[in-house]
$ cat query_12.json   # JSON, C-alpha atoms and all ligand atoms
[["chain", "number", "residue", "atom", "x", "y", "z"],
["A", 1, "MET", "CA", 104.41, 85.35, 93.46],
["A", 2, "GLN", "CA", 101.36, 85.44, 95.66],
["A", 3, "ILE", "CA", 97.66, 85.04, 95.03],
["A", 4, "ASP", "CA", 95.46, 86.50, 97.75],
["A", 5, "ASN", "CA", 97.84, 85.13, 100.38],
["A", 6, "HIS", "CA", 96.53, 81.59, 99.81],
["A", 7, "LEU", "CA", 98.91, 79.71, 97.61],
["A", 8, "LYS", "CA", 99.71, 76.23, 96.53],
["A", 9, "THR", "CA", 102.48, 75.66, 94.03],
["A", 10, "THR", "CA", 102.61, 72.59, 91.83],
["A", 11, "LYS", "CA", 104.89, 71.54, 89.01],
["A", 12, "THR", "CA", 103.85, 69.89, 85.77],
["A", 13, "GLY", "CA", 106.71, 69.27, 83.42],
["A", 14, "ASN", "CA", 108.42, 72.55, 82.69],
["A", 15, "ALA", "CA", 105.42, 74.66, 83.52],
["A", 16, "ALA", "CA", 104.99, 75.68, 87.14],
["A", 17, "GLN", "CA", 101.39, 76.50, 87.95],
["A", 18, "LEU", "CA", 100.12, 78.53, 90.85],
["A", 19, "LEU", "CA", 96.72, 77.51, 92.14],
["A", 20, "SER", "CA", 94.59, 79.41, 94.59],
["A", 21, "LYS", "CA", 93.16, 77.54, 97.55],
["A", 22, "SER", "CA", 90.43, 80.02, 98.38],
["A", 23, "PHE", "CA", 88.27, 82.62, 96.72],
["A", 24, "SER", "CA", 88.77, 86.09, 98.02],
["A", 25, "PRO", "CA", 88.00, 88.84, 95.55],
["A", 26, "VAL", "CA", 89.81, 92.04, 96.32],
["A", 27, "VAL", "CA", 87.85, 95.00, 95.11],
["A", 28, "ASN", "CA", 89.27, 98.11, 96.71],
["A", 29, "ARG", "CA", 92.65, 97.06, 98.01],
["A", 30, "LYS", "CA", 95.14, 99.90, 98.48],
["A", 31, "LEU", "CA", 98.43, 100.01, 96.63],
["A", 32, "CYS", "CA", 100.69, 97.28, 97.95],
["A", 33, "TYR", "CA", 104.35, 98.28, 98.37],
["A", 34, "CYS", "CA", 105.50, 94.78, 99.41],
["A", 35, "PHE", "CA", 105.35, 93.57, 95.80],
["A", 36, "PRO", "CA", 106.28, 95.42, 92.67],
["A", 37, "MET", "CA", 103.07, 94.48, 90.87],
["A", 38, "ASP", "CA", 99.52, 93.45, 91.69],
["A", 39, "LEU", "CA", 97.28, 91.99, 88.97],
["A", 40, "THR", "CA", 93.55, 91.55, 89.36],
["A", 41, "TRP", "CA", 91.81, 89.49, 86.68],
["A", 42, "LEU", "CA", 88.28, 90.87, 86.19],
["A", 43, "GLY", "CA", 87.19, 88.11, 83.81],
["A", 44, "THR", "CA", 87.28, 88.28, 79.96],
["A", 45, "ALA", "CA", 90.32, 90.37, 79.02],
["A", 46, "GLY", "CA", 89.84, 92.74, 81.96],
["A", 47, "PHE", "CA", 92.63, 93.60, 84.38],
["A", 48, "ILE", "CA", 93.36, 96.15, 87.06],
["A", 49, "ILE", "CA", 97.12, 96.46, 87.44],
["A", 50, "LYS", "CA", 98.80, 98.18, 90.35],
["A", 51, "GLY", "CA", 102.43, 99.22, 90.35],
["A", 52, "GLN", "CA", 104.36, 101.57, 92.59],
["A", 53, "GLN", "CA", 103.84, 104.29, 90.00],
["A", 54, "GLY", "CA", 100.03, 104.03, 89.90],
["A", 55, "ILE", "CA", 97.03, 101.98, 88.82],
["A", 56, "ILE", "CA", 95.88, 101.22, 85.28],
["A", 57, "ALA", "CA", 93.23, 98.94, 83.76],
["A", 58, "PHE", "CA", 92.72, 97.00, 80.54],
["A", 59, "ASP", "CA", 89.44, 96.10, 78.78],
["A", 60, "PRO", "CA", 87.21, 96.09, 81.88],
["A", 61, "PHE", "CA", 83.97, 94.13, 81.33],
["A", 62, "ILE", "CA", 81.88, 93.58, 84.46],
["A", 63, "SER", "CA", 78.26, 93.26, 83.24],
["A", 64, "ARG", "CA", 78.57, 89.57, 82.28],
["A", 65, "GLY", "CA", 74.86, 88.94, 81.53],
["A", 66, "THR", "CA", 73.85, 85.64, 83.15],
["A", 67, "GLY", "CA", 77.50, 84.65, 83.69],
["A", 68, "ALA", "CA", 79.19, 84.46, 87.11],
["A", 69, "LYS", "CA", 78.37, 87.75, 88.79],
["A", 70, "SER", "CA", 81.30, 90.10, 89.04],
["A", 71, "PRO", "CA", 82.23, 91.39, 92.51],
["A", 72, "PHE", "CA", 83.47, 94.54, 90.77],
["A", 73, "THR", "CA", 81.42, 97.65, 90.05],
["A", 74, "ALA", "CA", 82.22, 100.94, 88.34],
["A", 75, "LYS", "CA", 83.26, 102.22, 91.79],
["A", 76, "SER", "CA", 86.00, 99.56, 92.00],
["A", 77, "PHE", "CA", 87.97, 101.66, 89.51],
["A", 78, "ALA", "CA", 88.02, 104.84, 91.61],
["A", 79, "ASP", "CA", 91.84, 104.89, 91.84],
["A", 80, "VAL", "CA", 92.46, 103.88, 88.23],
["A", 81, "GLU", "CA", 94.13, 106.72, 86.32],
["A", 82, "ALA", "CA", 94.07, 105.26, 82.83],
["A", 83, "MET", "CA", 92.19, 102.51, 80.97],
["A", 84, "PHE", "CA", 93.54, 100.97, 77.79],
["A", 85, "ILE", "CA", 91.26, 99.32, 75.26],
["A", 86, "GLY", "CA", 92.45, 96.50, 73.00],
["A", 87, "HIS", "CA", 89.56, 96.54, 70.52],
["A", 88, "GLY", "CA", 85.91, 97.51, 70.23],
["A", 89, "HIS", "CA", 83.96, 94.28, 70.79],
["A", 90, "PHE", "CA", 81.27, 94.42, 73.49],
["A", 91, "ASP", "CA", 83.19, 92.21, 75.95],
["A", 92, "HIS", "CA", 86.03, 94.77, 75.88],
["A", 93, "THR", "CA", 84.12, 98.08, 75.83],
["A", 94, "TYR", "CA", 80.51, 97.70, 77.02],
["A", 95, "ASP", "CA", 81.14, 98.99, 80.55],
["A", 96, "VAL", "CA", 83.87, 101.51, 79.77],
["A", 97, "PRO", "CA", 81.70, 104.69, 79.56],
["A", 98, "GLU", "CA", 80.02, 103.98, 82.90],
["A", 99, "ILE", "CA", 83.30, 103.12, 84.61],
["A", 100, "ALA", "CA", 84.89, 106.28, 83.21],
["A", 101, "LEU", "CA", 82.04, 108.41, 84.55],
["A", 102, "ASN", "CA", 82.71, 107.01, 88.03],
["A", 103, "THR", "CA", 86.42, 107.84, 87.89],
["A", 104, "GLU", "CA", 88.75, 110.50, 86.57],
["A", 105, "ALA", "CA", 90.51, 107.94, 84.38],
["A", 106, "LYS", "CA", 91.59, 108.73, 80.85],
["A", 107, "VAL", "CA", 90.49, 106.15, 78.30],
["A", 108, "PHE", "CA", 93.05, 105.20, 75.63],
["A", 109, "ALA", "CA", 91.36, 103.61, 72.64],
["A", 110, "PRO", "CA", 92.16, 103.20, 68.94],
["A", 111, "GLY", "CA", 90.22, 105.23, 66.29],
["A", 112, "LEU", "CA", 86.77, 103.75, 65.64],
["A", 113, "THR", "CA", 86.56, 102.25, 69.12],
["A", 114, "GLY", "CA", 87.12, 105.70, 70.66],
["A", 115, "LEU", "CA", 84.40, 107.16, 68.45],
["A", 116, "MET", "CA", 81.95, 104.42, 69.49],
["A", 117, "LEU", "CA", 82.77, 105.00, 73.16],
["A", 118, "LYS", "CA", 82.00, 108.71, 72.74],
["A", 119, "LEU", "CA", 78.66, 107.86, 71.07],
["A", 120, "ARG", "CA", 77.88, 105.73, 74.12],
["A", 121, "GLY", "CA", 78.54, 108.49, 76.63],
["A", 122, "LEU", "CA", 82.28, 108.76, 77.19],
["A", 123, "PRO", "CA", 83.09, 112.50, 77.54],
["A", 124, "SER", "CA", 85.42, 113.74, 74.78],
["A", 125, "ASP", "CA", 87.92, 115.18, 77.24],
["A", 126, "ARG", "CA", 88.48, 111.74, 78.76],
["A", 127, "LEU", "CA", 89.29, 110.01, 75.49],
["A", 128, "VAL", "CA", 92.87, 109.70, 74.20],
["A", 129, "HIS", "CA", 93.70, 108.21, 70.82],
["A", 130, "ALA", "CA", 95.84, 105.12, 71.50],
["A", 131, "SER", "CA", 98.45, 105.83, 68.86],
["A", 132, "ASN", "CA", 101.00, 103.12, 68.28],
["A", 133, "GLU", "CA", 103.62, 105.68, 67.31],
["A", 134, "GLU", "CA", 104.26, 107.37, 70.63],
["A", 135, "MET", "CA", 104.63, 106.72, 74.36],
["A", 136, "LEU", "CA", 101.12, 106.69, 75.87],
["A", 137, "LEU", "CA", 101.93, 106.75, 79.59],
["A", 138, "LYS", "CA", 105.55, 107.53, 80.39],
["A", 139, "LYS", "CA", 105.66, 106.40, 84.01],
["A", 140, "PHE", "CA", 104.63, 102.88, 82.87],
["A", 141, "ASN", "CA", 106.68, 103.06, 79.66],
["A", 142, "LEU", "CA", 103.39, 102.09, 78.08],
["A", 143, "ARG", "CA", 103.13, 101.74, 74.30],
["A", 144, "ALA", "CA", 100.60, 100.35, 71.85],
["A", 145, "TYR", "CA", 101.37, 98.04, 68.93],
["A", 146, "LYS", "CA", 99.33, 97.10, 65.92],
["A", 147, "SER", "CA", 97.72, 93.72, 66.41],
["A", 148, "SER", "CA", 95.08, 91.44, 64.87],
["A", 149, "HIS", "CA", 91.90, 89.72, 66.00],
["A", 150, "ALA", "CA", 91.39, 85.95, 66.18],
["A", 151, "LYS", "CA", 89.41, 84.68, 63.19],
["A", 152, "PHE", "CA", 86.26, 82.92, 64.39],
["A", 153, "ASP", "CA", 86.23, 79.51, 62.68],
["A", 154, "LEU", "CA", 83.08, 77.85, 61.32],
["A", 155, "PRO", "CA", 82.90, 75.03, 63.94],
["A", 156, "LEU", "CA", 83.07, 77.70, 66.69],
["A", 157, "VAL", "CA", 80.33, 79.79, 65.03],
["A", 158, "TYR", "CA", 78.20, 76.66, 64.59],
["A", 159, "SER", "CA", 78.63, 75.47, 68.20],
["A", 160, "THR", "CA", 77.86, 79.00, 69.48],
["A", 161, "LEU", "CA", 74.65, 79.21, 67.43],
["A", 162, "LYS", "CA", 73.69, 75.71, 68.62],
["A", 163, "ARG", "CA", 73.89, 76.85, 72.26],
["A", 164, "CYS", "CA", 71.82, 79.95, 71.61],
["A", 165, "LYS", "CA", 68.05, 80.23, 71.35],
["A", 166, "LEU", "CA", 66.47, 82.55, 68.77],
["A", 167, "GLY", "CA", 66.45, 85.51, 71.18],
["A", 168, "ASP", "CA", 70.12, 84.93, 72.06],
["A", 169, "CYS", "CA", 71.01, 84.87, 68.35],
["A", 170, "ALA", "CA", 69.23, 88.22, 67.85],
["A", 171, "LYS", "CA", 71.16, 89.61, 70.83],
["A", 172, "LEU", "CA", 74.41, 88.22, 69.42],
["A", 173, "CYS", "CA", 73.76, 90.00, 66.10],
["A", 174, "GLY", "CA", 72.99, 93.25, 67.92],
["A", 175, "LEU", "CA", 76.19, 93.03, 69.98],
["A", 176, "GLY", "CA", 78.18, 92.14, 66.86],
["A", 177, "PHE", "CA", 76.95, 95.11, 64.81],
["A", 178, "GLY", "CA", 76.71, 97.55, 67.73],
["A", 179, "TYR", "CA", 80.27, 96.96, 68.92],
["A", 180, "PRO", "CA", 82.57, 96.74, 65.88],
["A", 181, "LYS", "CA", 86.06, 95.47, 66.53],
["A", 182, "GLY", "CA", 87.85, 98.45, 64.96],
["A", 183, "MET", "CA", 91.63, 98.55, 65.10],
["A", 184, "VAL", "CA", 93.16, 95.95, 67.42],
["A", 185, "GLN", "CA", 95.97, 97.02, 69.76],
["A", 186, "THR", "CA", 98.42, 95.16, 71.95],
["A", 187, "TYR", "CA", 100.02, 97.10, 74.82],
["A", 188, "SER", "CA", 103.39, 96.76, 76.52],
["A", 189, "PHE", "CA", 104.29, 98.39, 79.82],
["A", 190, "GLU", "CA", 106.85, 98.15, 82.58],
["A", 191, "ILE", "CA", 106.67, 97.87, 86.32],
["A", 192, "LYS", "CA", 109.92, 97.71, 88.32],
["A", 193, "ASN", "CA", 111.95, 96.73, 85.26],
["A", 194, "LYS", "CA", 109.56, 93.88, 84.40],
["A", 195, "LYS", "CA", 108.02, 94.01, 80.93],
["A", 196, "ILE", "CA", 104.41, 93.01, 80.55],
["A", 197, "LEU", "CA", 102.55, 92.47, 77.27],
["A", 198, "PHE", "CA", 98.75, 92.63, 77.15],
["A", 199, "ILE", "CA", 97.12, 91.01, 74.10],
["A", 200, "SER", "CA", 93.34, 91.45, 73.74],
["A", 201, "SER", "CA", 92.74, 88.90, 70.96],
["A", 202, "ALA", "CA", 94.86, 86.01, 69.70],
["A", 203, "GLY", "CA", 95.01, 86.77, 65.98],
["A", 204, "CYS", "CA", 98.53, 88.21, 65.90],
["A", 205, "THR", "CA", 100.40, 87.78, 62.63],
["A", 206, "GLU", "CA", 103.87, 86.26, 62.58],
["A", 207, "LYS", "CA", 105.37, 89.71, 61.97],
["A", 208, "GLU", "CA", 103.55, 91.07, 65.01],
["A", 209, "LEU", "CA", 104.62, 88.10, 67.15],
["A", 210, "LEU", "CA", 108.27, 88.59, 66.17],
["A", 211, "MET", "CA", 107.98, 92.27, 67.06],
["A", 212, "TYR", "CA", 106.66, 91.27, 70.52],
["A", 213, "ARG", "CA", 109.48, 88.72, 70.90],
["A", 214, "ASN", "CA", 112.02, 91.51, 70.41],
["A", 215, "LEU", "CA", 110.55, 93.29, 73.44],
["A", 216, "GLU", "CA", 111.92, 90.51, 75.72],
["A", 217, "ILE", "CA", 108.71, 90.11, 77.68],
["A", 218, "ASP", "CA", 108.63, 88.92, 81.30],
["A", 219, "TYR", "CA", 104.85, 88.46, 81.67],
["A", 220, "LEU", "CA", 102.53, 87.75, 78.75],
["A", 221, "LEU", "CA", 98.79, 88.26, 79.28],
["A", 222, "ALA", "CA", 97.43, 85.86, 76.66],
["A", 223, "PRO", "CA", 93.74, 85.63, 75.60],
["A", 224, "LEU", "CA", 92.24, 82.14, 75.30],
["A", 225, "GLN", "CA", 89.07, 82.81, 73.28],
["A", 226, "GLY", "CA", 87.88, 83.06, 69.68],
["A", 227, "HIS", "CA", 88.72, 79.78, 67.95],
["A", 228, "THR", "CA", 87.96, 76.06, 68.34],
["A", 229, "HIS", "CA", 91.70, 75.36, 68.66],
["A", 230, "ILE", "CA", 92.55, 78.48, 70.65],
["A", 231, "GLN", "CA", 94.79, 76.69, 73.17],
["A", 232, "GLU", "CA", 97.06, 75.36, 70.41],
["A", 233, "ILE", "CA", 97.09, 78.72, 68.62],
["A", 234, "VAL", "CA", 98.03, 80.67, 71.76],
["A", 235, "ALA", "CA", 100.59, 78.05, 72.82],
["A", 236, "LYS", "CA", 102.36, 78.51, 69.47],
["A", 237, "GLN", "CA", 102.18, 82.30, 69.84],
["A", 238, "THR", "CA", 103.61, 82.03, 73.36],
["A", 239, "MET", "CA", 106.54, 79.99, 72.03],
["A", 240, "ILE", "CA", 107.36, 82.78, 69.55],
["A", 241, "ILE", "CA", 106.98, 85.64, 72.04],
["A", 242, "ASN", "CA", 108.99, 83.59, 74.56],
["A", 243, "PRO", "CA", 107.94, 85.25, 77.85],
["A", 244, "LYS", "CA", 109.25, 84.14, 81.23],
["A", 245, "VAL", "CA", 105.66, 83.73, 82.44],
["A", 246, "VAL", "CA", 102.39, 83.41, 80.53],
["A", 247, "ILE", "CA", 99.14, 84.43, 82.25],
["A", 248, "PRO", "CA", 96.05, 83.14, 80.40],
["A", 249, "HIS", "CA", 92.87, 85.24, 80.42],
["A", 250, "HIS", "CA", 89.50, 85.51, 78.61],
["A", 251, "HIS", "CA", 88.92, 81.76, 79.14],
["A", 252, "ASP", "CA", 85.92, 82.26, 81.45],
["A", 253, "ASP", "CA", 82.27, 81.80, 80.45],
["A", 254, "PHE", "CA", 81.81, 85.58, 80.48],
["A", 255, "TYR", "CA", 78.44, 85.97, 78.74],
["A", 256, "PRO", "CA", 76.56, 82.67, 78.41],
["A", 257, "PRO", "CA", 75.20, 81.20, 76.23],
["A", 258, "ILE", "CA", 77.16, 83.28, 73.71],
["A", 259, "SER", "CA", 80.44, 82.40, 75.48],
["A", 260, "GLN", "CA", 81.89, 79.17, 76.87],
["A", 261, "SER", "CA", 84.66, 78.17, 79.27],
["A", 262, "ILE", "CA", 87.99, 77.32, 77.68],
["A", 263, "SER", "CA", 90.22, 74.73, 79.36],
["A", 264, "VAL", "CA", 93.48, 76.14, 80.70],
["A", 265, "GLU", "CA", 94.67, 72.57, 81.32],
["A", 266, "VAL", "CA", 94.60, 71.92, 77.57],
["A", 267, "PHE", "CA", 96.62, 75.12, 77.08],
["A", 268, "LYS", "CA", 99.21, 73.91, 79.61],
["A", 269, "ASP", "CA", 99.41, 70.54, 77.84],
["A", 270, "LYS", "CA", 99.97, 72.24, 74.48],
["A", 271, "LEU", "CA", 102.75, 74.38, 75.98],
["A", 272, "LYS", "CA", 104.35, 71.35, 77.57],
["A", 273, "HIS", "CA", 104.19, 69.49, 74.26],
["A", 274, "LEU", "CA", 105.90, 72.40, 72.50],
["A", 275, "GLY", "CA", 108.64, 72.48, 75.15],
["A", 276, "PHE", "CA", 107.80, 75.84, 76.76],
["A", 277, "LYS", "CA", 110.47, 76.56, 79.37],
["A", 278, "GLY", "CA", 108.65, 79.39, 81.13],
["A", 279, "ASN", "CA", 105.97, 79.31, 83.80],
["A", 280, "VAL", "CA", 102.18, 79.40, 83.55],
["A", 281, "LEU", "CA", 100.48, 81.58, 86.13],
["A", 282, "GLU", "CA", 96.76, 80.93, 86.30],
["A", 283, "ILE", "CA", 94.91, 83.65, 88.19],
["A", 284, "PRO", "CA", 91.48, 82.38, 89.30],
["A", 285, "LEU", "CA", 88.49, 84.42, 88.14],
["A", 286, "PHE", "CA", 88.05, 87.70, 90.09],
["A", 287, "HIS", "CA", 91.29, 87.11, 92.04],
["A", 288, "SER", "CA", 94.34, 89.24, 92.61],
["A", 289, "CYS", "CA", 97.92, 88.14, 92.33],
["A", 290, "ASP", "CA", 101.04, 89.83, 93.70],
["A", 291, "ILE", "CA", 104.13, 89.29, 91.62],
["B", 301, "ZN", "ZN", 86.98, 90.48, 70.12]]
$ encode --input "query_12.json" --output "structure tokens" --more "lines below"
Ligand SMILES: [Zn+2]
Amino acid sequence: MQIDNHLKTTKTGNAAQLLSKSFSPVVNRKLCYCFPMDLTWLGTAGFIIKGQQGIIAFDPFISRGTGAKSPFTAKSFADVEAMFIGHGHFDHTYDVPEIALNTEAKVFAPGLTGLMLKLRGLPSDRLVHASNEEMLLKKFNLRAYKSSHAKFDLPLVYSTLKRCKLGDCAKLCGLGFGYPKGMVQTYSFEIKNKKILFISSAGCTEKELLMYRNLEIDYLLAPLQGHTHIQEIVAKQTMIINPKVVIPHHHDDFYPPISQSISVEVFKDKLKHLGFKGNVLEIPLFHSCDI
């Protein structure tokens, strides 16, 4: 595995962690044929994923309000042929219409979320219903699965409101009502015989988790956001899914003061405590990683 050619590998218990030594965002890198897969974490649940068969993206969110400025723009997605949307919340869909208009990418989104994207300017001929009953993109063996959203707990809601001023609270309400969650989807796909599972929110039911376990996942993209005890919740989910590698995402402070940073170290500790035998790959914000 390689992160931007600057790597340091450390071991903590059973979980090997890869840490980047330098910050080098890669915005328009060409397809790399040295590695079977190249992941770029855009912040929140956003990824650009390059395989030998093409380039796809998940839940791109690059506006970020007063958060760390993204080095990515709508033009960074020029070579992306398909975008897949996990659910309709603003931090998963806000930038999708503009990105789509700067590319020829198809946008795969579940029912209500697709409708909302069209209302916000996504051309109809670019939208594809992300059905979970058929193959969505054959060359990636890409399928959608029914999933569930994390349930915001009262302490989290209270601490969020405490951080926000009156104007922020009004904005939060607007974003909440203007960007309904809709149906939540998880996606699986394959690159060079490796199976990857993208989860957009960590509310999966036990039945859903067992279904994902049966897929025999190599790389799990796991969202750390949405609950006061999110690290423990996702660590338990990871144990059930049982991937070879878990890649945490969505733990950045993507839209302050509404958002906050989530500790990946706590997540690693929870995994260690539960006896996770796989690896944790932490991709630094806005970095790429060759696997
Ligand atoms: Zn959400």
$ residues_around --input "query_12.json" --residues "Asp38 in chain A" --least-positions-apart "4" --cutoff "7 Å" --atoms "only C-alpha atoms" --output "list in words"
Ile49, Lys50, Gly51, Ser288, Cys289, Asp290 and Ile291 of chain A
$ write_last_selection --input "query_12.json" --atoms "C-alpha atoms" --output "PDB file, in the coordinates of the input"
ATOM      1  CA  ILE A  49      97.120  96.460  87.440  1.00  0.00           C
ATOM      2  CA  LYS A  50      98.800  98.180  90.350  1.00  0.00           C
ATOM      3  CA  GLY A  51     102.430  99.220  90.350  1.00  0.00           C
ATOM      4  CA  SER A 288      94.340  89.240  92.610  1.00  0.00           C
ATOM      5  CA  CYS A 289      97.920  88.140  92.330  1.00  0.00           C
ATOM      6  CA  ASP A 290     101.040  89.830  93.700  1.00  0.00           C
ATOM      7  CA  ILE A 291     104.130  89.290  91.620  1.00  0.00           C
TER       8      ILE A 291
END
$ residues_near_point --input "query_12.json" --point "(80.0, 100.1, 66.8)" --cutoff "8 Å" --atoms "all atoms listed in the file" --output "list of chain:residue names"
A:Gly88, A:Leu112, A:Thr113, A:Met116, A:Phe177, A:Gly178, A:Tyr179, A:Pro180, A:Lys181
$ write_last_selection --input "query_12.json" --atoms "C-alpha atoms" --output "compact mmCIF listing (two decimals), keeping the file's coordinate frame"
# COMPACT_ATOMS: atom_id res chain seq x y z
CA GLY A 88 85.91 97.51 70.23
CA LEU A 112 86.77 103.75 65.64
CA THR A 113 86.56 102.25 69.12
CA MET A 116 81.95 104.42 69.49
CA PHE A 177 76.95 95.11 64.81
CA GLY A 178 76.71 97.55 67.73
CA TYR A 179 80.27 96.96 68.92
CA PRO A 180 82.57 96.74 65.88
CA LYS A 181 86.06 95.47 66.53
$ residues_near_point --input "query_12.json" --point "(86.1, 101.7, 77.7)" --cutoff "10 Å" --atoms "only C-alpha atoms" --output "number ranges by chain"
A: 57-61, 83-88, 90, 92-100, 106-109, 113-114, 116-118, 120, 122, 127
$ write_last_selection --input "query_12.json" --atoms "C-alpha atoms" --output "PDB file, keeping the file's coordinate frame"
ATOM      1  CA  ALA A  57      93.230  98.940  83.760  1.00  0.00           C
ATOM      2  CA  PHE A  58      92.720  97.000  80.540  1.00  0.00           C
ATOM      3  CA  ASP A  59      89.440  96.100  78.780  1.00  0.00           C
ATOM      4  CA  PRO A  60      87.210  96.090  81.880  1.00  0.00           C
ATOM      5  CA  PHE A  61      83.970  94.130  81.330  1.00  0.00           C
ATOM      6  CA  MET A  83      92.190 102.510  80.970  1.00  0.00           C
ATOM      7  CA  PHE A  84      93.540 100.970  77.790  1.00  0.00           C
ATOM      8  CA  ILE A  85      91.260  99.320  75.260  1.00  0.00           C
ATOM      9  CA  GLY A  86      92.450  96.500  73.000  1.00  0.00           C
ATOM     10  CA  HIS A  87      89.560  96.540  70.520  1.00  0.00           C
ATOM     11  CA  GLY A  88      85.910  97.510  70.230  1.00  0.00           C
ATOM     12  CA  PHE A  90      81.270  94.420  73.490  1.00  0.00           C
ATOM     13  CA  HIS A  92      86.030  94.770  75.880  1.00  0.00           C
ATOM     14  CA  THR A  93      84.120  98.080  75.830  1.00  0.00           C
ATOM     15  CA  TYR A  94      80.510  97.700  77.020  1.00  0.00           C
ATOM     16  CA  ASP A  95      81.140  98.990  80.550  1.00  0.00           C
ATOM     17  CA  VAL A  96      83.870 101.510  79.770  1.00  0.00           C
ATOM     18  CA  PRO A  97      81.700 104.690  79.560  1.00  0.00           C
ATOM     19  CA  GLU A  98      80.020 103.980  82.900  1.00  0.00           C
ATOM     20  CA  ILE A  99      83.300 103.120  84.610  1.00  0.00           C
ATOM     21  CA  ALA A 100      84.890 106.280  83.210  1.00  0.00           C
ATOM     22  CA  LYS A 106      91.590 108.730  80.850  1.00  0.00           C
ATOM     23  CA  VAL A 107      90.490 106.150  78.300  1.00  0.00           C
ATOM     24  CA  PHE A 108      93.050 105.200  75.630  1.00  0.00           C
ATOM     25  CA  ALA A 109      91.360 103.610  72.640  1.00  0.00           C
ATOM     26  CA  THR A 113      86.560 102.250  69.120  1.00  0.00           C
ATOM     27  CA  GLY A 114      87.120 105.700  70.660  1.00  0.00           C
ATOM     28  CA  MET A 116      81.950 104.420  69.490  1.00  0.00           C
ATOM     29  CA  LEU A 117      82.770 105.000  73.160  1.00  0.00           C
ATOM     30  CA  LYS A 118      82.000 108.710  72.740  1.00  0.00           C
ATOM     31  CA  ARG A 120      77.880 105.730  74.120  1.00  0.00           C
ATOM     32  CA  LEU A 122      82.280 108.760  77.190  1.00  0.00           C
ATOM     33  CA  LEU A 127      89.290 110.010  75.490  1.00  0.00           C
TER      34      LEU A 127
END
$ closest_residue --input "query_12.json" --among "A:Ile199, A:Cys169, A:Ile262, A:Ile48" --to "ligand ZN 301 (chain B)" --atoms "all atoms listed in the file"
A:Ile199
$ atom_distance --input "query_12.json" --atom1 "CA of Leu172 in chain A" --atom2 "CA of Gly121 in chain A"
21.9 Å
$ build_atoms --input "query_12.json" --residues "range 41-53 of chain A" --atoms "N, CA and C atoms" --output "PDB file, in the coordinates of the input"
ATOM      1  N   TRP A  41      92.496  89.913  87.907  1.00  0.00           N
ATOM      2  CA  TRP A  41      91.810  89.490  86.680  1.00  0.00           C
ATOM      3  C   TRP A  41      90.306  89.678  86.892  1.00  0.00           C
ATOM      4  N   LEU A  42      89.696  90.528  86.053  1.00  0.00           N
ATOM      5  CA  LEU A  42      88.280  90.870  86.190  1.00  0.00           C
ATOM      6  C   LEU A  42      87.370  89.911  85.442  1.00  0.00           C
ATOM      7  N   GLY A  43      87.952  88.924  84.753  1.00  0.00           N
ATOM      8  CA  GLY A  43      87.190  88.110  83.810  1.00  0.00           C
ATOM      9  C   GLY A  43      87.346  88.701  82.418  1.00  0.00           C
ATOM     10  N   THR A  44      86.992  87.938  81.374  1.00  0.00           N
ATOM     11  CA  THR A  44      87.280  88.280  79.960  1.00  0.00           C
ATOM     12  C   THR A  44      88.740  88.735  79.842  1.00  0.00           C
ATOM     13  N   ALA A  45      88.951  89.874  79.155  1.00  0.00           N
ATOM     14  CA  ALA A  45      90.320  90.370  79.020  1.00  0.00           C
ATOM     15  C   ALA A  45      90.596  91.492  80.027  1.00  0.00           C
ATOM     16  N   GLY A  46      89.747  91.608  81.033  1.00  0.00           N
ATOM     17  CA  GLY A  46      89.840  92.740  81.960  1.00  0.00           C
ATOM     18  C   GLY A  46      90.867  92.555  83.065  1.00  0.00           C
ATOM     19  N   PHE A  47      91.653  93.594  83.289  1.00  0.00           N
ATOM     20  CA  PHE A  47      92.630  93.600  84.380  1.00  0.00           C
ATOM     21  C   PHE A  47      92.672  94.966  85.046  1.00  0.00           C
ATOM     22  N   ILE A  48      92.900  94.951  86.357  1.00  0.00           N
ATOM     23  CA  ILE A  48      93.360  96.150  87.060  1.00  0.00           C
ATOM     24  C   ILE A  48      94.781  95.832  87.482  1.00  0.00           C
ATOM     25  N   ILE A  49      95.709  96.728  87.173  1.00  0.00           N
ATOM     26  CA  ILE A  49      97.120  96.460  87.440  1.00  0.00           C
ATOM     27  C   ILE A  49      97.700  97.593  88.284  1.00  0.00           C
ATOM     28  N   LYS A  50      98.245  97.195  89.434  1.00  0.00           N
ATOM     29  CA  LYS A  50      98.800  98.180  90.350  1.00  0.00           C
ATOM     30  C   LYS A  50     100.313  98.054  90.384  1.00  0.00           C
ATOM     31  N   GLY A  51     100.977  99.171  90.184  1.00  0.00           N
ATOM     32  CA  GLY A  51     102.430  99.220  90.350  1.00  0.00           C
ATOM     33  C   GLY A  51     102.737 100.333  91.321  1.00  0.00           C
ATOM     34  N   GLN A  52     104.014 100.501  91.655  1.00  0.00           N
ATOM     35  CA  GLN A  52     104.360 101.570  92.590  1.00  0.00           C
ATOM     36  C   GLN A  52     104.096 102.939  91.987  1.00  0.00           C
ATOM     37  N   GLN A  53     104.041 102.991  90.648  1.00  0.00           N
ATOM     38  CA  GLN A  53     103.840 104.290  90.000  1.00  0.00           C
ATOM     39  C   GLN A  53     102.367 104.618  89.749  1.00  0.00           C
TER      40      GLN A  53
END
